[in-house]
$ cat structure_39.txt   # compact mmCIF, C-alpha atoms
# COMPACT_ATOMS: atom_id res chain seq x y z
CA MET A 1 143.99 79.66 73.71
CA LEU A 2 145.64 79.19 70.32
CA PHE A 3 149.35 79.92 69.87
CA GLY A 4 150.95 81.30 66.73
CA LEU A 5 154.54 82.19 65.84
CA ASN A 6 155.73 85.39 64.18
CA GLY A 7 159.15 86.11 62.69
CA LEU A 8 160.14 83.25 60.39
CA HIS A 9 160.45 85.73 57.50
CA ARG A 10 163.24 87.76 59.12
CA GLY A 11 166.87 87.63 60.19
CA GLY A 12 168.49 84.26 60.58
CA SER A 13 165.36 82.38 59.51
CA VAL A 14 165.43 83.59 55.89
CA GLU A 15 167.88 80.94 54.66
CA PRO A 16 165.76 78.27 52.92
CA GLU A 17 166.98 75.30 54.97
CA MET A 18 166.59 77.15 58.28
CA LEU A 19 163.15 78.47 57.33
CA ALA A 20 161.95 74.99 56.42
CA CYS A 21 163.47 73.43 59.55
CA ARG A 22 161.87 75.94 61.90
CA ALA A 23 158.48 75.86 60.18
CA ARG A 24 158.34 72.08 60.41
CA ALA A 25 159.48 72.18 64.03
CA ALA A 26 156.74 74.69 64.85
CA GLU A 27 154.11 72.52 63.20
CA GLN A 28 155.38 69.43 65.01
CA ALA A 29 155.31 71.35 68.31
CA GLY A 30 151.60 72.01 67.89
CA ILE A 31 151.81 75.70 67.03
CA GLU A 32 148.51 76.61 65.37
CA SER A 33 149.64 79.31 62.93
CA LEU A 34 152.70 80.94 61.34
CA TRP A 35 152.49 84.73 60.87
CA ILE A 36 154.50 86.68 58.27
CA GLY A 37 154.89 90.48 58.29
CA ASP A 38 155.12 92.78 55.31
CA HIS A 39 157.62 95.49 54.39
CA THR A 40 158.61 95.71 50.72
CA VAL A 41 161.23 98.40 51.27
CA VAL A 42 162.39 100.20 54.41
CA PRO A 43 164.03 103.61 54.89
CA VAL A 44 167.81 103.57 55.24
CA PRO A 45 169.59 106.76 56.44
CA PRO A 46 172.50 107.93 54.21
CA GLY A 47 175.57 105.98 55.24
CA GLY A 48 173.52 103.79 57.56
CA PRO A 49 173.79 100.01 57.83
CA PRO A 50 171.86 97.83 55.39
CA PRO A 51 168.41 96.69 56.55
CA GLU A 52 167.74 93.32 58.13
CA SER A 53 166.94 90.54 55.66
CA ARG A 54 163.20 90.16 55.28
CA LEU A 55 161.43 87.86 52.84
CA GLU A 56 158.57 89.11 50.66
CA ALA A 57 155.40 88.12 52.48
CA VAL A 58 153.34 86.37 49.79
CA VAL A 59 156.32 84.43 48.46
CA ALA A 60 157.42 83.46 51.99
CA LEU A 61 153.98 82.21 52.97
CA SER A 62 153.72 80.26 49.71
CA PHE A 63 157.02 78.57 50.54
CA LEU A 64 155.74 77.71 54.02
CA ALA A 65 152.57 76.27 52.49
CA SER A 66 154.65 73.93 50.35
CA ILE A 67 156.67 72.45 53.23
CA THR A 68 153.94 72.13 55.90
CA ASP A 69 150.71 70.16 56.11
CA ARG A 70 148.51 71.37 58.99
CA VAL A 71 149.64 74.68 60.44
CA ARG A 72 147.60 77.74 59.47
CA LEU A 73 149.35 80.37 57.32
CA ALA A 74 148.77 84.00 58.23
CA PHE A 75 149.84 87.47 57.21
CA GLY A 76 150.58 89.61 60.22
CA VAL A 77 149.92 91.90 58.42
CA LEU A 78 149.96 92.76 54.69
CA VAL A 79 150.10 96.50 54.03
CA LEU A 80 147.00 96.43 51.86
CA PRO A 81 147.02 99.99 50.42
CA GLN A 82 150.39 99.43 48.73
CA ARG A 83 149.39 96.22 46.92
CA HIS A 84 147.22 96.08 43.80
CA PRO A 85 144.06 94.34 45.02
CA VAL A 86 143.18 92.50 41.80
CA VAL A 87 146.62 90.88 41.64
CA LEU A 88 146.59 90.28 45.39
CA ALA A 89 143.16 88.62 45.26
CA LYS A 90 144.54 86.16 42.70
CA GLN A 91 147.68 85.48 44.71
CA LEU A 92 145.77 84.86 47.93
CA SER A 93 143.05 82.71 46.40
CA THR A 94 145.79 80.60 44.78
CA LEU A 95 147.61 80.31 48.11
CA ASP A 96 144.44 79.29 49.94
CA PHE A 97 143.59 76.78 47.21
CA LEU A 98 147.06 75.18 47.17
CA SER A 99 147.27 75.04 50.99
CA ALA A 100 143.84 73.34 51.26
CA GLY A 101 142.23 76.28 53.04
CA ARG A 102 144.88 77.20 55.63
CA LEU A 103 145.17 80.93 54.88
CA ILE A 104 144.42 83.81 57.26
CA VAL A 105 144.49 87.20 55.51
CA GLY A 106 145.80 89.79 57.96
CA VAL A 107 145.83 93.33 56.56
CA GLY A 108 146.64 96.82 57.78
CA VAL A 109 146.90 100.38 56.47
CA GLY A 110 150.66 100.69 56.99
CA TYR A 111 152.56 103.43 58.79
CA VAL A 112 155.93 103.92 57.01
CA GLU A 113 155.32 106.99 54.84
CA ALA A 114 158.43 106.52 52.69
CA GLU A 115 157.51 102.91 51.91
CA LEU A 116 153.93 103.80 51.00
CA ARG A 117 155.12 106.62 48.76
CA ALA A 118 157.68 104.38 47.04
CA LEU A 119 154.77 102.13 46.08
CA GLY A 120 152.58 104.95 44.84
CA VAL A 121 150.39 105.68 47.87
CA GLU A 122 150.27 108.85 49.93
CA LEU A 123 149.85 108.48 53.68
CA SER A 124 146.63 110.48 53.49
CA GLN A 125 145.16 107.98 51.01
CA ARG A 126 145.80 104.79 52.96
CA ALA A 127 142.51 104.50 54.87
CA ALA A 128 140.39 105.07 51.77
CA ARG A 129 142.54 102.61 49.79
CA MET A 130 142.17 100.07 52.58
CA ASP A 131 138.37 100.21 52.45
CA GLU A 132 138.25 100.08 48.66
CA TYR A 133 140.76 97.23 48.38
CA LEU A 134 138.93 95.13 50.97
CA ASP A 135 135.81 95.51 48.85
CA VAL A 136 137.76 94.41 45.75
CA LEU A 137 139.01 91.27 47.50
CA ARG A 138 135.52 90.35 48.68
CA THR A 139 134.03 90.99 45.25
CA LEU A 140 136.49 88.74 43.46
CA TRP A 141 136.28 85.98 46.07
CA ASP A 142 132.55 86.01 46.81
CA GLU A 143 131.41 86.47 43.19
CA ARG A 144 128.22 88.19 44.24
CA SER A 145 129.07 90.55 41.40
CA LEU A 146 131.51 90.37 38.48
CA ARG A 147 132.00 94.12 38.43
CA PHE A 148 133.52 96.78 40.62
CA ASP A 149 133.40 100.55 40.26
CA GLY A 150 135.56 102.28 42.85
CA PRO A 151 137.64 105.44 43.06
CA THR A 152 140.83 103.71 41.83
CA VAL A 153 139.78 100.17 40.78
CA ARG A 154 137.20 99.43 38.09
CA PHE A 155 136.29 96.27 36.19
CA ALA A 156 133.22 94.70 34.64
CA ASP A 157 132.35 91.10 33.68
CA MET A 158 135.59 89.79 35.19
CA ALA A 159 136.22 86.73 37.35
CA GLN A 160 139.09 84.68 38.79
CA ARG A 161 139.63 80.93 39.12
CA PRO A 162 140.34 79.00 41.21
CA LEU A 163 138.29 80.45 44.01
CA PRO A 164 139.69 80.19 47.55
CA ALA A 165 139.28 76.80 49.19
CA GLN A 166 137.60 78.50 52.15
CA ARG A 167 134.14 79.69 51.20
CA PRO A 168 133.08 82.34 50.74
CA ARG A 169 136.64 83.49 51.45
CA PRO A 170 139.59 83.16 53.83
CA PRO A 171 139.14 84.94 57.18
CA ILE A 172 140.14 88.61 57.13
CA VAL A 173 142.00 89.93 60.17
CA ILE A 174 142.64 93.66 60.50
CA GLY A 175 145.71 94.81 62.37
CA ALA A 176 144.88 98.14 64.01
CA GLN A 177 146.06 99.94 67.13
CA SER A 178 143.96 103.10 66.88
CA PRO A 179 140.36 103.37 68.13
CA ALA A 180 139.70 105.40 64.96
CA ALA A 181 140.21 102.18 62.97
CA PHE A 182 138.00 99.99 65.16
CA PRO A 183 134.76 100.73 63.25
CA ARG A 184 136.41 99.12 60.19
CA VAL A 185 137.32 96.09 62.31
CA VAL A 186 133.74 95.74 63.55
CA GLN A 187 132.16 96.16 60.12
CA ALA A 188 134.60 94.38 57.82
CA ALA A 189 136.79 91.85 59.64
CA ASP A 190 136.56 88.33 60.99
CA GLY A 191 139.30 89.13 63.48
CA TRP A 192 141.42 91.84 65.07
CA TYR A 193 145.21 91.69 65.54
CA GLY A 194 146.96 93.82 68.15
CA TRP A 195 150.74 94.10 67.89
CA GLU A 196 152.98 94.16 70.97
CA LEU A 197 150.19 94.89 73.44
CA THR A 198 150.51 94.20 77.15
CA VAL A 199 147.60 92.76 79.09
CA ALA A 200 146.62 96.28 80.22
CA GLN A 201 146.88 97.71 76.71
CA THR A 202 144.83 94.82 75.37
CA ALA A 203 142.15 95.45 77.97
CA ASN A 204 141.93 99.11 76.95
CA ALA A 205 141.77 98.24 73.26
CA LEU A 206 138.99 95.71 73.82
CA VAL A 207 136.97 98.34 75.68
CA ALA A 208 137.32 100.60 72.62
CA LEU A 209 136.38 97.73 70.30
CA ARG A 210 133.26 96.99 72.31
CA GLU A 211 132.32 100.66 72.16
CA ALA A 212 132.72 100.59 68.37
CA ALA A 213 130.55 97.47 68.26
CA ARG A 214 127.80 99.34 70.09
CA ARG A 215 127.92 102.21 67.62
CA TYR A 216 128.38 100.33 64.34
CA GLU A 217 126.40 97.38 63.02
CA ARG A 218 128.35 94.17 62.50
CA PRO A 219 127.20 92.05 59.52
CA ALA A 220 125.69 88.80 60.82
CA GLU A 221 127.74 86.67 58.42
CA LEU A 222 130.97 87.77 60.11
CA GLY A 223 130.06 86.09 63.39
CA GLU A 224 131.96 86.75 66.59
CA LEU A 225 135.16 88.77 66.30
CA GLU A 226 138.31 86.68 66.89
CA VAL A 227 141.01 88.48 68.89
CA THR A 228 144.71 87.86 68.24
CA ILE A 229 147.51 89.55 70.19
CA THR A 230 151.29 89.58 69.96
CA PRO A 231 152.65 90.35 73.46
CA PRO A 232 155.65 92.69 73.69
CA GLY A 233 157.81 90.11 75.46
CA ALA A 234 157.88 86.65 76.94
CA VAL A 235 154.74 85.09 78.38
CA ASP A 236 154.14 82.57 81.15
CA ARG A 237 151.09 80.66 82.32
CA ASP A 238 149.90 83.56 84.43
CA SER A 239 150.05 86.13 81.64
CA VAL A 240 148.45 83.67 79.21
CA ALA A 241 145.57 83.22 81.66
CA ARG A 242 145.16 87.00 81.97
CA TYR A 243 145.00 87.45 78.20
CA SER A 244 142.50 84.59 78.05
CA ASP A 245 140.33 86.15 80.75
CA LEU A 246 140.08 89.28 78.61
CA GLY A 247 138.70 87.25 75.72
CA VAL A 248 141.86 86.86 73.63
CA ASP A 249 141.57 83.86 71.33
CA ARG A 250 145.15 83.61 70.05
CA LEU A 251 148.61 84.74 71.15
CA VAL A 252 151.13 85.11 68.33
CA LEU A 253 154.53 84.93 70.00
CA LYS A 254 157.78 86.32 68.64
CA PRO A 255 161.35 85.64 69.74
CA PRO A 256 163.37 88.48 71.30
CA MET A 257 165.81 88.16 68.38
CA MET A 258 165.36 86.75 64.90
CA ASP A 259 168.89 85.29 64.82
CA GLY A 260 170.72 82.62 66.77
CA SER A 261 168.76 80.09 68.79
CA ALA A 262 165.99 82.44 69.99
CA MET A 263 163.44 81.12 67.49
CA ASP A 264 164.25 77.50 68.31
CA GLU A 265 164.01 78.19 72.04
CA LEU A 266 160.62 79.83 71.59
CA ILE A 267 159.30 76.85 69.62
CA ASP A 268 160.55 74.49 72.34
CA TYR A 269 158.98 76.70 75.02
CA VAL A 270 155.59 76.63 73.34
CA ALA A 271 155.79 72.87 72.85
CA SER A 272 156.74 72.11 76.46
CA THR A 273 154.85 74.78 78.40
CA LEU A 274 151.86 76.22 76.61
CA VAL A 275 150.38 73.85 74.03
$ encode --input "structure_39.txt" --output "structure tokens"
Amino acid sequence: MLFGLNGLHRGGSVEPEMLACRARAAEQAGIESLWIGDHTVVPVPPGGPPPESRLEAVVALSFLASITDRVRLAFGVLVLPQRHPVVLAKQLSTLDFLSAGRLIVGVGVGYVEAELRALGVELSQRAARMDEYLDVLRTLWDERSLRFDGPTVRFADMAQRPLPAQRPRPPIVIGAQSPAAFPRVVQAADGWYGWELTVAQTANALVALREAARRYERPAELGELEVTITPPGAVDRDSVARYSDLGVDRLVLKPPMMDGSAMDELIDYVASTLV
């Protein structure tokens, strides 16, 4: 079992010195990967309190790349339909190149309608945009073709350099909770990420994923699907073993709070108990 850490981009970890301290502590503790979520803007009710501090995902992961040496750097997950895929392909290939191939590209369709709309995407368009944008990323990274002709993105005789350090590309992990999205996971992803799923919920989701795998052909070059889960709460050796027995490859843990000492306690817990 691999262990990742989610949440360094939020709350009390956003101050530069604290972010660097906790990232280095996590790497020293043996944590395999650091996962950064993605919300560009969030709805705020009139007269409501300001939102929690949250760093922009690509910038935050770039900062983490610059102050760590070994830990993998993952998006958990980027809301792909609300990011321009040609710009994003360049940002991510640069990040993978500068981090010596440590990037994991987690993506999802998003669910906050107001945020999607603020960035020019209707909720009804998100699945189609997701499929198209994944194709754009692969085209620019794999260079099997220098052209793309999609519903919203078109280019011809165009290329980017540098290419990602990982060839033909960084691993793509799709965050999806709905069985309706599992065919995309089977056909287009190196891994699947389930957010806040109990052991029982994970078991049910894996049954649905296996059913999708029976119905849809998985490209041979993708290999075996890697399964990553963030549990909804604390874990112990027993729950870790039960996730493992289901076939989970990685648990990405998150502290109960993003402020105070919760993040530091979680890092210490992983170092002393699980790694």
$ residues_around --input "structure_39.txt" --residues "A:Lys90" --least-positions-apart "3" --cutoff "12 Å" --atoms "only C-alpha atoms" --output "NGL selection string"
:A and (58 or 83-87 or 93-97 or 136-141 or 159-164)
$ residues_around --input "structure_39.txt" --residues "stretch 15-27 of chain A" --least-positions-apart "6" --cutoff "8 Å" --atoms "all atoms listed in the file" --output "PyMOL selection string"
chain A and resi 5+8-9+34+64+67-68+70-71+263-264+267
$ residues_around --input "structure_39.txt" --residues "A:Pro179" --least-positions-apart "3" --cutoff "9 Å" --atoms "only C-alpha atoms" --output "ChimeraX atom specification"
/A:176,182-183,205,208-209,212
$ atom_distance --input "structure_39.txt" --atom1 "atom CA of A:Val235" --atom2 "atom CA of A:Ser178"
23.9 Å
$ closest_residue --input "structure_39.txt" --among "A:Ala234, A:Val109, A:Ala200, A:Ile229" --to "A:Pro256" --atoms "all atoms listed in the file"
A:Ala234
$ atom_distance --input "structure_39.txt" --atom1 "atom CA of A:Ile104" --atom2 "atom CA of A:Phe75"
6.5 Å
$ residues_around --input "structure_39.txt" --residues "A:Trp192" --least-positions-apart "5" --cutoff "12 Å" --atoms "only C-alpha atoms" --output "PyMOL selection string"
chain A and resi 76-77+104-108+171-179+181-187+202+205-206+209+224-230+247-251
$ atom_distance --input "structure_39.txt" --atom1 "atom CA of A:Ala271" --atom2 "atom CA of A:Phe3"
10.0 Å
$ axis_aligned_box --input "structure_39.txt" --around "stretch 1-16 of chain A" --padding-each-side "5 Å" --output "lines of an AutoDock Vina configuration file"
center_x = 156.2
center_y = 83.0
center_z = 63.3
size_x = 34.5
size_y = 19.5
size_z = 30.8
$ closest_residue --input "structure_39.txt" --among "A:Ala127, A:Leu92, A:Met1, A:Ala29" --to "A:Ser62" --atoms "only C-alpha atoms"
A:Leu92
$ residues_around --input "structure_39.txt" --residues "A:Val121" --least-positions-apart "2" --cutoff "12 Å" --atoms "all atoms listed in the file" --output "VMD selection string"
chain A and resid 79 to 84 109 to 119 123 to 130 152
$ decode --input "structure_39.txt" --residues "stretch 177-250 of chain A" --atoms "C-alpha atoms" --output "compact mmCIF listing (two decimals), in the first residue's frame"
# COMPACT_ATOMS: atom_id res chain seq x y z
CA GLN A 177 -17.81 8.67 -8.16
CA SER A 178 -20.55 7.79 -10.65
CA PRO A 179 -20.77 4.44 -12.47
CA ALA A 180 -21.77 6.48 -15.54
CA ALA A 181 -18.20 7.84 -15.62
CA PHE A 182 -16.48 4.47 -15.19
CA PRO A 183 -16.32 3.67 -18.94
CA ARG A 184 -14.13 6.77 -19.33
CA VAL A 185 -11.90 5.52 -16.50
CA VAL A 186 -11.53 2.11 -18.15
CA GLN A 187 -10.83 3.49 -21.62
CA ALA A 188 -8.76 6.59 -20.91
CA ALA A 189 -7.06 6.50 -17.50
CA ASP A 190 -4.04 4.94 -15.86
CA GLY A 191 -5.77 5.18 -12.50
CA TRP A 192 -9.02 5.87 -10.67
CA TYR A 193 -9.40 8.16 -7.63
CA GLY A 194 -12.33 7.79 -5.24
CA TRP A 195 -12.92 10.65 -2.79
CA GLU A 196 -14.06 10.02 0.79
CA LEU A 197 -15.14 6.43 0.22
CA THR A 198 -15.53 3.94 3.05
CA VAL A 199 -14.38 0.36 2.62
CA ALA A 200 -17.95 -0.68 1.73
CA GLN A 201 -18.38 2.17 -0.75
CA THR A 202 -15.04 1.34 -2.32
CA ALA A 203 -16.08 -2.29 -2.70
CA ASN A 204 -19.28 -1.26 -4.48
CA ALA A 205 -17.42 1.13 -6.77
CA LEU A 206 -14.86 -1.52 -7.71
CA VAL A 207 -17.67 -3.90 -8.64
CA ALA A 208 -19.03 -1.21 -10.98
CA LEU A 209 -15.56 -0.58 -12.40
CA ARG A 210 -15.08 -4.27 -13.12
CA GLU A 211 -18.45 -4.35 -14.85
CA ALA A 212 -17.38 -1.40 -17.01
CA ALA A 213 -14.14 -3.22 -17.81
CA ARG A 214 -16.14 -6.19 -19.07
CA ARG A 215 -18.23 -3.99 -21.35
CA TYR A 216 -15.58 -1.59 -22.66
CA GLU A 217 -12.19 -2.41 -24.15
CA ARG A 218 -9.19 -1.09 -22.26
CA PRO A 219 -6.22 -0.06 -24.45
CA ALA A 220 -3.31 -2.43 -23.83
CA GLU A 221 -0.83 0.42 -23.37
CA LEU A 222 -2.68 1.61 -20.26
CA GLY A 223 -1.87 -1.56 -18.32
CA GLU A 224 -3.58 -2.42 -15.07
CA LEU A 225 -5.76 0.26 -13.51
CA GLU A 226 -4.26 1.77 -10.34
CA VAL A 227 -6.81 2.45 -7.58
CA THR A 228 -6.43 5.41 -5.21
CA ILE A 229 -8.87 6.19 -2.39
CA THR A 230 -9.22 8.99 0.14
CA PRO A 231 -11.06 7.55 3.18
CA PRO A 232 -13.68 9.77 4.85
CA GLY A 233 -11.92 9.69 8.22
CA ALA A 234 -9.02 8.25 10.15
CA VAL A 235 -7.59 4.85 9.26
CA ASP A 236 -5.88 2.15 11.30
CA ARG A 237 -4.05 -1.03 10.40
CA ASP A 238 -7.28 -2.99 10.15
CA SER A 239 -8.99 -0.58 7.77
CA VAL A 240 -5.81 -0.29 5.70
CA ALA A 241 -5.75 -4.08 5.36
CA ARG A 242 -9.41 -4.11 4.28
CA TYR A 243 -8.79 -1.49 1.59
CA SER A 244 -5.75 -3.48 0.47
CA ASP A 245 -7.76 -6.70 0.28
CA LEU A 246 -10.14 -4.97 -2.13
CA GLY A 247 -7.26 -4.14 -4.45
CA VAL A 248 -6.65 -0.51 -3.46
CA ASP A 249 -3.11 0.53 -4.38
CA ARG A 250 -2.90 3.89 -2.60
